[in-house]
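Structure data follow from input.txt (compact mmCIF, C-alpha atoms):
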```
# COMPACT_ATOMS: atom_id res chain seq x y z
CA MET A 1 0.00 0.00 0.00
CA LEU A 2 2.82 2.38 0.89
CA PHE A 3 4.66 1.54 -2.33
CA ASN A 4 1.57 2.20 -4.50
CA ALA A 5 0.96 5.57 -2.86
CA LEU A 6 4.60 6.54 -3.44
CA GLN A 7 4.41 5.52 -7.09
CA GLY A 8 1.28 7.66 -7.58
CA LEU A 9 2.80 10.70 -5.97
CA THR A 10 6.05 10.28 -7.95
CA ALA A 11 4.13 10.02 -11.24
CA GLU A 12 2.17 13.14 -10.40
CA SER A 13 5.42 14.96 -9.62
CA LYS A 14 6.90 13.99 -13.00
CA SER A 15 3.76 15.24 -14.80
CA TYR A 16 4.00 18.62 -13.14
CA HIS A 17 7.73 18.76 -13.99
CA ARG A 18 6.93 18.51 -17.68
CA MET A 19 4.16 21.08 -17.46
CA GLY A 20 5.36 23.68 -14.92
CA SER A 21 8.30 25.78 -13.79
CA PRO A 22 11.19 24.71 -11.45
CA MET A 23 9.37 26.38 -8.54
CA VAL A 24 6.28 24.26 -9.19
CA HIS A 25 8.50 21.18 -9.43
CA MET A 26 10.17 21.99 -6.07
CA THR A 27 6.78 22.49 -4.39
CA ARG A 28 5.43 19.21 -5.69
CA PHE A 29 8.63 17.39 -4.72
CA MET A 30 8.32 18.63 -1.14
CA ALA A 31 4.70 17.47 -1.07
CA VAL A 32 5.73 14.01 -2.30
CA PHE A 33 8.53 13.80 0.27
CA SER A 34 6.26 14.92 3.13
CA ALA A 35 3.59 12.39 2.22
CA PHE A 36 6.20 9.63 2.00
CA LEU A 37 7.63 10.56 5.42
CA LEU A 38 4.17 10.65 6.99
CA LEU A 39 3.22 7.24 5.59
CA SER A 40 6.55 5.75 6.71
CA LEU A 41 6.14 6.99 10.30
CA SER A 42 2.59 5.64 10.40
CA ALA A 43 3.71 2.18 9.22
CA VAL A 44 6.53 2.06 11.81
CA ALA A 45 4.15 3.05 14.62
CA GLN A 46 1.69 0.29 13.66
CA ASN A 47 4.42 -2.38 13.51
CA SER A 48 5.96 -1.39 16.87
CA ALA A 49 2.67 -1.20 18.80
CA PRO A 50 2.53 -4.06 21.35
CA ALA A 51 -0.09 -6.69 20.65
CA PRO A 52 -2.69 -7.18 23.39
CA ALA A 53 -1.87 -10.07 25.70
CA SER A 54 -4.07 -13.07 25.15
CA ALA A 55 -5.54 -15.09 27.98
CA ALA A 56 -3.04 -17.86 27.24
CA THR A 57 0.00 -15.61 27.77
CA LEU A 58 -1.21 -13.98 31.00
CA PRO A 59 0.73 -15.14 34.07
CA ALA A 60 -1.05 -17.74 36.17
CA VAL A 61 -2.25 -16.66 39.60
CA ALA A 62 -0.26 -18.41 42.29
CA SER A 63 -2.32 -20.61 44.57
CA THR A 64 -1.91 -20.19 48.31
CA GLU A 65 -2.31 -23.96 48.71
CA SER A 66 -0.95 -26.50 46.24
CA PRO A 67 -2.90 -29.61 45.18
CA GLN A 68 -0.19 -31.75 46.81
CA ILE A 69 -0.68 -30.04 50.18
CA ARG A 70 -4.44 -30.52 49.96
CA GLU A 71 -4.00 -34.19 49.04
CA PHE A 72 -1.66 -34.97 51.91
CA GLN A 73 -3.64 -32.88 54.37
CA LYS A 74 -6.54 -35.28 53.76
CA ILE A 75 -4.23 -38.21 54.53
CA GLU A 76 -2.98 -36.53 57.71
CA ASP A 77 -6.58 -35.82 58.74
CA THR A 78 -7.47 -39.49 58.21
CA TRP A 79 -4.46 -40.43 60.34
CA ALA A 80 -5.44 -38.04 63.14
CA ASP A 81 -9.10 -39.09 63.04
CA ALA A 82 -8.06 -42.76 63.31
CA ILE A 83 -6.07 -41.91 66.46
CA ASN A 84 -8.82 -39.77 67.97
CA LEU A 85 -11.63 -42.25 67.23
CA ARG A 86 -9.51 -45.33 68.03
CA ASP A 87 -10.22 -46.60 64.50
CA GLN A 88 -7.80 -49.46 63.87
CA TYR A 89 -8.91 -50.11 60.28
CA SER A 90 -8.42 -46.48 59.16
CA LEU A 91 -4.97 -46.39 60.75
CA GLU A 92 -3.98 -49.56 58.89
CA LEU A 93 -4.84 -47.86 55.60
CA VAL A 94 -2.52 -44.93 56.33
CA LEU A 95 0.51 -46.76 57.73
CA SER A 96 2.74 -48.99 55.63
CA PRO A 97 3.61 -52.49 56.92
CA LEU A 98 7.20 -51.17 56.94
CA PHE A 99 6.22 -48.11 59.02
CA ILE A 100 8.68 -46.85 61.66
CA ASP A 101 7.76 -44.06 64.09
CA VAL A 102 10.24 -41.96 66.04
CA SER A 103 8.41 -40.01 68.72
CA ALA A 104 9.48 -36.66 70.15
CA SER A 105 10.74 -38.49 73.25
CA GLY A 106 12.90 -40.82 71.14
CA ASP A 107 10.71 -43.95 71.35
CA ILE A 108 10.79 -46.08 68.20
CA THR A 109 7.73 -48.15 67.32
CA THR A 110 6.53 -50.19 64.36
CA ARG A 111 3.14 -50.26 62.69
CA ASN A 112 2.00 -53.27 64.73
CA GLN A 113 3.03 -51.56 67.96
CA GLN A 114 1.14 -48.40 66.96
CA LEU A 115 -1.99 -50.50 66.28
CA ALA A 116 -1.61 -52.31 69.60
CA LEU A 117 -1.38 -49.02 71.50
CA LEU A 118 -4.49 -47.82 69.72
CA ILE A 119 -6.45 -50.98 70.56
CA THR A 120 -5.59 -51.00 74.24
CA GLY A 121 -6.60 -47.35 74.55
CA GLU A 122 -4.71 -46.86 77.80
CA ASP A 123 -4.33 -43.11 77.22
CA LYS A 124 -7.87 -41.74 77.39
CA PHE A 125 -6.59 -38.20 76.73
CA LEU A 126 -4.89 -39.07 73.45
CA HIS A 127 -5.90 -36.58 70.73
CA LEU A 128 -3.92 -35.57 67.63
CA THR A 129 -4.09 -32.63 65.21
CA GLN A 130 -1.75 -32.35 62.21
CA LYS A 131 -1.29 -29.58 59.64
CA VAL A 132 0.76 -29.98 56.46
CA ILE A 133 3.04 -27.05 55.61
CA THR A 134 5.20 -28.34 52.75
CA VAL A 135 5.21 -31.36 50.43
CA ARG A 136 8.10 -32.51 48.25
CA MET A 137 7.37 -35.01 45.47
CA MET A 138 10.12 -37.39 44.29
CA GLY A 139 8.43 -39.87 42.01
CA ASP A 140 6.83 -42.58 44.14
CA ILE A 141 8.17 -40.98 47.33
CA ALA A 142 6.72 -37.88 49.01
CA VAL A 143 7.95 -36.01 52.08
CA ALA A 144 5.43 -33.99 54.07
CA ASN A 145 6.48 -31.51 56.74
CA GLY A 146 4.15 -29.78 59.14
CA THR A 147 3.11 -29.06 62.70
CA TYR A 148 1.18 -31.11 65.21
CA VAL A 149 -0.46 -30.87 68.59
CA MET A 150 -0.78 -34.11 70.55
CA ARG A 151 -2.68 -34.24 73.82
CA HIS A 152 -1.59 -37.21 75.89
CA LYS A 153 -1.30 -38.37 79.47
CA VAL A 154 1.69 -37.43 81.60
CA ASN A 155 1.52 -38.50 85.26
CA SER A 156 -2.28 -38.92 85.00
CA SER A 157 -2.73 -35.37 83.67
CA PRO A 158 -3.36 -34.20 80.09
CA VAL A 159 -0.50 -32.36 78.42
CA ASP A 160 -0.43 -30.66 74.99
CA GLU A 161 2.73 -31.51 73.10
CA LYS A 162 3.42 -29.09 70.23
CA GLY A 163 5.99 -29.77 67.58
CA VAL A 164 6.91 -30.41 63.96
CA PHE A 165 6.80 -33.64 61.98
CA THR A 166 8.36 -35.18 58.91
CA HIS A 167 6.39 -37.96 57.26
CA VAL A 168 7.79 -40.00 54.38
CA PHE A 169 5.14 -41.55 52.13
CA GLU A 170 5.39 -44.24 49.46
CA ARG A 171 2.97 -44.65 46.57
CA LEU A 172 1.26 -48.03 46.88
CA HIS A 173 -1.64 -49.40 44.78
CA GLY A 174 -2.53 -45.91 43.55
CA GLY A 175 -2.54 -44.41 47.06
CA TRP A 176 -0.05 -43.20 49.66
CA VAL A 177 1.09 -44.93 52.86
CA CYS A 178 3.50 -43.57 55.45
CA ILE A 179 6.75 -45.52 55.85
CA ASN A 180 8.52 -43.21 58.33
CA SER A 181 7.45 -40.65 60.91
CA GLN A 182 9.69 -38.30 62.88
CA ARG A 183 8.34 -35.86 65.46
CA THR A 184 10.23 -33.09 67.21
CA LYS A 185 8.79 -31.27 70.20
CA VAL A 186 9.12 -27.48 70.04
CA ILE A 187 9.48 -25.43 73.18
CA GLU A 188 7.95 -22.00 72.67
CA ASP A 189 10.17 -19.08 73.67
CA ASN A 190 8.03 -16.35 75.19
CA ASN A 191 10.97 -13.97 75.50
CA PRO A 192 13.13 -14.43 72.39
CA LYS A 193 16.41 -12.55 72.23
CA LYS A 194 16.90 -10.07 69.42
CA LYS A 195 19.16 -11.43 66.70
CA GLN A 196 22.04 -9.46 65.27
CA SER A 197 21.46 -7.89 61.89
CA GLY A 198 22.56 -10.09 59.00
CA GLN A 199 22.36 -13.29 61.05
CA GLU A 200 20.64 -16.11 59.20
CA THR A 201 17.55 -17.57 60.82
CA PRO A 202 16.13 -21.09 60.29
CA PHE A 203 12.91 -21.72 58.41
CA HIS A 204 10.03 -21.36 60.87
CA PHE A 205 6.82 -23.40 60.98
CA PRO A 206 4.01 -21.54 62.75
CA LEU A 207 2.56 -23.72 65.50
CA PHE A 208 -1.13 -24.13 66.10
CA PRO A 209 -2.76 -21.38 68.17
CA ARG A 210 -3.44 -22.11 71.80
```

Kindly transcribe the structure held in the file into structure tokens.
Amino acid sequence: MLFNALQGLTAESKSYHRMGSPMVHMTRFMAVFSAFLLLSLSAVAQNSAPAPASAATLPAVASTESPQIREFQKIEDTWADAINLRDQYSLELVLSPLFIDVSASGDITTRNQQLALLITGEDKFLHLTQKVITVRMMGDIAVANGTYVMRHKVNSSPVDEKGVFTHVFERLHGGWVCINSQRTKVIEDNNPKKKQSGQETPFHFPLFPR
């Protein structure tokens, strides 16, 4: 389109050159040059204008909770409900036959020992709450980290134990079973000392509210 307009203006300039004086020729030449410059600037502006972003190129909105966290939170809830309701069958579905548990006090128990403790029901105060904070997926292995509150009996009195856990899961028959559990009790510091500027601090898991 730009080339055709330029050809038309150039032909018109040549016609006036044959018919008119040098002054007329100069005037027509300036008109041709101005029109060419205007059309060129217009074409450059159209080519450089950014195209509107399509819905496919817009950045995805980050989710505050990943699908993996939601999935494993359901498993942790099933685990906690099995403890709280003394449901042996539900606990068997969550724990692998190879399950090993390391409690906050350092006691090591197997799956069968966990089931036996649940059946006897000696601790009437036993109640567990677990919240998943992070999940790392490594093929058929998943590692869930989070916080827990466990109410249990100490010297015939109920005590709330707050801490963090690491649960290692294995994919089995299309589902997930826990093969290893590690709990660490956290002592809350009500008067923390101020840290020096520039000092690195460890990653912090917020504990459940009182």

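Coordinates place atom CA of Arg111 of chain A at a distance of 6.2 Å from atom CA of Pro97 of chain A.
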
Selected residue, from A:Ala82, A:Leu172, A:Met138, A:Leu126, that lies nearest to Ser156 of chain A when counting all atoms listed in the file: A:Leu126

What's the separation between atom CA of Ser105 of chain A and atom CA of Phe169 of chain A, in Å to one decimal place?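 We find that atom CA of Ser105 of chain A and atom CA of Phe169 of chain A lie 22.1 Å from each other.
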
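Atom CA of Gly106 of chain A sits 13.5 Å away from atom CA of Gly163 of chain A.
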
Report as a short mmCIF file (atom, residue, chain, number, x, y, z; two decimals) with C-alpha atoms, keeping the file's coordinate frame all protein, DNA and RNA residues lying within 9 Å of Phe99 of chain A, evaluated on only C-alpha atoms, omitting residues in the same chain fewer than 5 positions from it.
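The new file result-v3.cif reads:
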```cif
data_model
loop_
_atom_site.label_atom_id
_atom_site.label_comp_id
_atom_site.auth_asym_id
_atom_site.auth_seq_id
_atom_site.Cartn_x
_atom_site.Cartn_y
_atom_site.Cartn_z
CA THR A 109 7.73 -48.15 67.32
CA THR A 110 6.53 -50.19 64.36
CA ARG A 111 3.14 -50.26 62.69
CA ASN A 112 2.00 -53.27 64.73
CA VAL A 177 1.09 -44.93 52.86
CA CYS A 178 3.50 -43.57 55.45
CA ILE A 179 6.75 -45.52 55.85
CA ASN A 180 8.52 -43.21 58.33
CA SER A 181 7.45 -40.65 60.91
#
```

Using all atoms listed in the file and a cutoff of 9 Å, can you tell me which residues are near (-0.5, -29.9, 50.0) in the file's coordinates, and write them out as a list in words?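 All residues meeting the 9 Å criterion around (-0.5, -29.9, 50.0) are Glu65, Ser66, Pro67, Gln68, Ile69, Arg70, Glu71, Phe72, Gln73, Lys74, Val132, Ile133, Thr134, Val135 and Ala144 of chain A.
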
A:Gln114, A:Gln88, A:Ser103, A:Gln182 ranked by distance to Gly146 of chain A, top pick (using only C-alpha atoms):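 Between A:Gln114, A:Gln88, A:Ser103, A:Gln182, the residue approaching Gly146 of chain A most closely is A:Gln182.
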
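Comparing A:His167, A:Lys185, A:Arg136, A:Lys124 by their smallest distance to Ile83 of chain A, the closest is A:Lys124 (using only C-alpha atoms).
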
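The smallest atom-to-atom distance between Ile100 of chain A and any of A:Trp176, A:Thr166, A:Thr147, A:Glu188, using all atoms listed in the file, is found for A:Thr166.
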
Residue with the minimum atom-to-atom distance to Val186 of chain A, picked from A:Met137, A:Ala104, A:Thr129, A:Lys153 with only C-alpha atoms counted, is A:Ala104

Distance criterion (all atoms listed in the file): nearest to Asp140 of chain A out of A:Leu118, A:Ile75, A:Val159, A:Val168: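 Selected residue with least distance to Asp140 of chain A: A:Val168.
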
For Thr78 of chain A, list every protein, DNA or RNA residue within 8 Å, evaluated using all atoms listed in the file, and leave out those in the same chain fewer than 5 positions away; present the list as a VMD selection string. chain A and resid 90 to 91 94
